[in-house]
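Here is the structure we will look at.
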Amino acid sequence: MPRRRSAVKVPKVRVYPLGDTALLAELGSRLDTALNTRAIALAAALKKRRDVRQAIAGHVSVTVQFDPDLITLDALAAAIRRLAARRPPMEEPGRLHRIPVVYDGPDLEDVASRLGLTTQRIIDLHVRPIYRAFMVGFVPGWAYLGPLPEELITPRRAMPRTSVPAGSVAIAGQQTGIYPLDSPGGWNLIGRTSVRLFFPDSDPPSLFRSGDRVKFFAADG
Amino acid sequence: MGDRVTPTLRVVQPGILTTVQDAGRPNAVAAGVPPGGAMDRFALAAANLLVGNERGAAALECTLTGPRLVAERDCVIAITGGDLGPSIPMWTATTLGAGDELSFSGRRAGARAYIALAGGVVGDRWLGSMSTNLMCARGGMHGRALIGGDVISMGDLEYPAEAGFSLREELRPDYSDPTLRVIPGPQVARLPKTFFGERFTVTTSSNRMGYRLEGPPLEAPGEELLSFPVIAGVIQLPSGGQPILLMADHQTAGGYPVIATVTSASMPQAAQLAPGDDVWLVETSIADALAARAAQRAALESLTS
């Protein structure tokens with residue numbers, strides 16, 4: 001049965017210049033699956049335009065690099081508002097990835113005591129949802145996954161670590177993620193996985209794409 | 001370009017950091033891979049056009065100290081960008097005969113020089129680009145900086161290479177100008193007072209990913225932001241108050257307030273900054289930024305007619 005048109009909320013789009021050849025179009029400011037779906041659809045529609053060089057979706061925004069010889073910032077902003085007001089295409093469910101996790105991260109106990117939960121409860125809560133890959137980026141292969149169950153929401157560490165091993169499974173705010181490479185990081189480490197996320201010699205090199213779905217399950221170390 | 005590859009320049013001394021760079025891999029950012037590419041795109045384009053290449057062909061990017069290279073065969077090269085004291089004239093296509101040596105005496109202005117080779121430098125291609133990505137160890141010279149003993153190869157020449165072309169002096173960028181023109185960023189309103197016109201110093205925590213700038217204490221309080229894709233030129237303000245100017249190998253997304261973005265015409269100057277350099281961030285309009293961009297393009301077009 002078709003949904004009624006009035007049920008579709010049209011997001012208010014804020015457009016900001018990023019220099020003279022790019023812009024940021026914000027559809028919202030809070031983590032929201034519907035807005036993320038729209039952002040991904042908007043980026044895909046913009047990429048087809050001749051005057052757009054690159055359009056990448058963020059959580060609830062799109063960063064657009066354009067050719068100022070072909071279109072002005074204001075004209076592109078107007079085109080973006082028209083596109084964003086369109087009903088987004090029915091979303092294909094993203095690919096589902098099942099990720100085994102050994103829940104023995106160095107911050108697991110600390111997170112549990114901070115949240116007043118047992119470590120087992122943390123694990124049970126973390127494996128429960130099917131998460132959405134809101135955005136791929138930051139470092140090669142990283143995906144921001146979420147939203148986390150409310151009970152797991154916790155700030156990032158006050159002091160970021162200078163080195164976090166690849167495969168670390170972490171939480172911060174409403175989100176969870178897996179470090180694809182050894183790198184500095186400020187998220188709370190609750191476990192680790194042997195699944196590789198970044199394949200430099202494949203194209204695309206990232207396991208996750210925006211809109212994919214991710215389910216964790218507890219595995220034995 | 002054809003498939004023939006000719007060993008041409010032998011590396012005697014590599015310099016501090018000399019890498020193969022081209023116009024970068026803009027499509028890899030969807031996988032979180034930095035776009036990379038030459039820091040100074042004007043200098044890259046000029047060097048390539050001077051020797052008859054496509055403007056985005058791969059070339060050598062030399063940082064602070066240039067390399068010592070010996071020509072294994074006759075070739076035509078052009079050196080542009082920062083003045084690191086090359087042994088041949090800059091901004092001019094020059095023939096090196098077999099056995100000729102190219103060396104650099106030391107930094108005079110700017111921080112990065114570009115050496116283009118007629119036929120193009122040939123390196124490993126990764127995700128659509130020959131640019132070197134040191135973090136992923138891919139692209140260019142096997143994903144690493146040049147070392148002594150490496151041999152740089154050139155690609156096929158469509159036409160015989162010619163020496164003598166030069167970019168007119170008045171069309172070369174003024175790398176000694178310490179002002180960077182910026183457009184206010186999405187979160188600029190969070191700053192209690194403006195930072196435009198203030199002096200900042202490029203700190204030692206600066207590299208191809210970005211520059212950390214030290215200046216008047218800044219704070220942009222407000223709600224935590226959801227990360228969004230960023231571009232080179234963006235100036236982020238993390239907590240702690242030291243802004244970061246993102247450069248070619250920047251992380252593809254950020255959740256820090258963006259207080260300004262350096263204009264496309266000022267990015268070549270930004271690329272020529274080294275730790276210890278002072279810089280002034282001056283607000284400009286999009287119209288003025290586009291006019292400056294058009295002037296740079298006209299300078300490059302003077303090389304194609």
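Just remember, in the structure tokens the first chain shown is A, the second B, etc., residues are 1-based per chain, and ligands are 1-based in the order shown.
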
- Message: With only C-alpha atoms as the counted atoms, please give the residues lying no more than 8 Å from segment 17-32 of chain A, apart from itself and same-chain residues fewer than 3 positions off, as a PyMOL selection string.
- Response: (chain A and resi 11-14+35-36+39+59-68+73+77+80+147) or (chain B and resi 182-186+225-226+233-234+260-264+286+289-290)

Could you give me, as CSV, a per-residue list for chain B showing, wherever an atom lies at most 10 Å from an atom of chain A, the closest pair of atoms and their distance in Å to one decimal, using only C-alpha atoms and sorting by chain then residue number from low to high?
residue,atom,partner,partner_atom,distance
B:Pro26,CA,A:Gln54,CA,7.5
B:Asn27,CA,A:Gln54,CA,7.6
B:Ala28,CA,A:Pro204,CA,7.6
B:Val29,CA,A:Gly137,CA,7.0
B:Ala30,CA,A:Val136,CA,6.5
B:Ala31,CA,A:Ser206,CA,5.2
B:Gly32,CA,A:Gly137,CA,3.6
B:Val33,CA,A:Pro140,CA,4.7
B:Pro34,CA,A:Pro140,CA,7.6
B:Trp126,CA,A:Asp201,CA,8.0
B:Leu127,CA,A:Asp203,CA,6.9
B:Gly128,CA,A:Asp203,CA,9.7
B:Met135,CA,A:Pro140,CA,9.5
B:Cys136,CA,A:Pro200,CA,7.3
B:Ala137,CA,A:Pro200,CA,9.2
B:Arg138,CA,A:Pro200,CA,7.9
B:Arg181,CA,A:Gly19,CA,9.4
B:Val182,CA,A:Gly19,CA,6.9
B:Ile183,CA,A:Gly19,CA,5.3
B:Pro184,CA,A:Gly19,CA,7.8
B:Gly185,CA,A:Leu18,CA,6.2
B:Pro186,CA,A:Tyr16,CA,5.4
B:Gln187,CA,A:Tyr16,CA,9.2
B:Glu223,CA,A:Ser29,CA,9.5
B:Glu224,CA,A:Ser29,CA,9.5
B:Leu225,CA,A:Ser29,CA,7.3
B:Leu226,CA,A:His59,CA,6.4
B:Ser227,CA,A:Gly58,CA,6.6
B:Phe228,CA,A:Gly58,CA,4.5
B:Pro229,CA,A:Gly58,CA,5.8
B:Val230,CA,A:Thr63,CA,7.0
B:Ile231,CA,A:Leu18,CA,8.1
B:Ala232,CA,A:Leu18,CA,9.7
B:Gly233,CA,A:Gly19,CA,7.6
B:Val234,CA,A:Leu18,CA,7.1
B:Ile235,CA,A:Leu18,CA,9.7
B:His250,CA,A:Phe138,CA,8.7
B:Gln251,CA,A:Phe138,CA,5.0
B:Thr252,CA,A:Phe138,CA,4.7
B:Ala253,CA,A:Phe138,CA,4.4
B:Gly254,CA,A:Phe138,CA,6.6
B:Gly255,CA,A:Phe138,CA,9.4
B:Val258,CA,A:Leu18,CA,8.8
B:Ile259,CA,A:Leu18,CA,9.7
B:Ala260,CA,A:Leu18,CA,7.4
B:Thr261,CA,A:Gly19,CA,4.8
B:Val262,CA,A:Gly19,CA,6.0
B:Thr263,CA,A:Gly19,CA,5.1
B:Ser264,CA,A:Asp20,CA,6.6
B:Ala265,CA,A:Asp20,CA,9.1
B:Thr284,CA,A:Gly19,CA,9.7
B:Ser285,CA,A:Asp20,CA,8.6
B:Ile286,CA,A:Asp20,CA,5.5
B:Ala287,CA,A:Asp20,CA,8.3
B:Asp288,CA,A:Asp20,CA,9.3
B:Ala289,CA,A:Asp20,CA,6.3
B:Leu290,CA,A:Asp20,CA,6.6
B:Arg293,CA,A:Asp20,CA,9.0
B:Ala294,CA,A:Asp69,CA,9.3

- Item | Selection near Thr80 of chain B, 7 Å with only C-alpha atoms, sequence-local residues under 3 positions removed, as an MDAnalysis selection string | chainID B and resid 43 47 90:91 113:115

Would you put the residues from that selection into a file with N, CA and C atoms, as a compact mmCIF listing (two decimals), in the first residue's frame?
# COMPACT_ATOMS: atom_id res chain seq x y z
N ALA B 43 51.51 24.43 -9.09
CA ALA B 43 52.88 24.10 -9.46
C ALA B 43 52.94 22.78 -10.23
N ALA B 47 54.30 22.69 -14.06
CA ALA B 47 55.47 21.87 -14.39
C ALA B 47 55.13 20.92 -15.54
N MET B 90 64.16 27.73 -12.64
CA MET B 90 62.81 27.24 -12.32
C MET B 90 61.81 27.73 -13.36
N TRP B 91 60.67 27.08 -13.39
CA TRP B 91 59.53 27.46 -14.24
C TRP B 91 59.91 27.47 -15.72
N ALA B 113 58.91 21.71 -3.97
CA ALA B 113 59.20 21.89 -5.39
C ALA B 113 58.68 20.67 -6.16
N TYR B 114 58.35 20.91 -7.42
CA TYR B 114 57.82 19.84 -8.28
C TYR B 114 58.74 19.66 -9.47
N ILE B 115 59.07 18.42 -9.75
CA ILE B 115 59.89 18.11 -10.93
C ILE B 115 59.02 17.29 -11.88

- If you count only C-alpha atoms, which residues fall within 12 Å of Gln21 of chain B, apart from same-chain ones fewer than 5 positions away, as a PyMOL selection string? chain B and resi 35-41+43-45+48+55-62+112-116+120-126+129-134+138-141+143-146+208+248-249

- Message: Residues of segment 70-231 of chain B classed as strand (DSSP E) by DSSP on the backbone are to be reported as a PyMOL selection string.
- Response: chain B and resi 70-71+75-83+94-96+101-102+109-117+121-122+151-154+179-184+199-206+210-214+228-229

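Atom CA of Arg68 of chain B is positioned 11.9 Å from atom CA of Val151 of chain B.
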
For segment 90-172 of chain A versus segment 211-216 of chain A, which residues have an atom no more than 7 Å away, and what is each residue's nearest atom pair and distance in Å rounded to one decimal, using only C-alpha atoms, chain-then-number order, as a tab-separated table?
residue	atom	partner	partner_atom	distance
A:Gly94	CA	A:Asp212	CA	4.0
A:Arg95	CA	A:Asp212	CA	5.0
A:Leu96	CA	A:Arg213	CA	4.6
A:His97	CA	A:Val214	CA	4.8
A:Arg98	CA	A:Lys215	CA	4.9
A:Ile99	CA	A:Phe216	CA	4.7
A:Pro100	CA	A:Phe216	CA	5.8
A:Val101	CA	A:Phe216	CA	6.6
A:Val127	CA	A:Phe216	CA	5.0
A:Pro129	CA	A:Lys215	CA	6.8
A:Ile130	CA	A:Lys215	CA	4.9
A:Tyr131	CA	A:Val214	CA	5.0
A:Arg132	CA	A:Arg213	CA	4.7
A:Ala133	CA	A:Gly211	CA	5.2
A:Phe134	CA	A:Gly211	CA	6.0

- Message: At a cut-off of 12 Å, using only C-alpha atoms, what residues contact segment 165-169 of chain B? Leave out same-chain residues fewer than 3 positions from it and give the result as number ranges by chain.
- Response: B: 42-43, 45-52, 76-81, 89-95, 161-162, 172-174, 296, 298-305

Those in segment 1-163 of chain B with helix (DSSP H, G or I) from DSSP, as a tab-separated table (two decimals) with C-alpha atoms, in the first residue's frame:
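Written out: part_4.tsv:
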chain	number	residue	atom	x	y	z
B	26	PRO	CA	39.12	11.90	-5.42
B	27	ASN	CA	36.88	8.86	-5.79
B	28	ALA	CA	38.61	6.84	-3.08
B	29	VAL	CA	37.29	9.13	-0.33
B	30	ALA	CA	34.03	7.13	-0.26
B	31	ALA	CA	36.12	4.29	1.25
B	41	ARG	CA	48.23	21.87	-7.73
B	42	PHE	CA	49.21	25.06	-9.54
B	43	ALA	CA	52.88	24.10	-9.46
B	44	LEU	CA	52.09	20.52	-10.53
B	45	ALA	CA	50.01	21.73	-13.48
B	46	ALA	CA	52.57	24.33	-14.54
B	47	ALA	CA	55.47	21.87	-14.39
B	48	ASN	CA	53.56	19.36	-16.49
B	49	LEU	CA	52.34	21.88	-19.07
B	50	LEU	CA	55.89	23.25	-19.46

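With atom CA of Arg157 of chain A on one side and atom CA of Asn188 of chain A on the other, the separation reads 6.3 Å.
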
- Task: Write out as a count of residues only which residues come within 7 Å of Cys75 of chain B when counting only C-alpha atoms, dropping same-chain ones fewer than 6 positions away.
- Result: 4
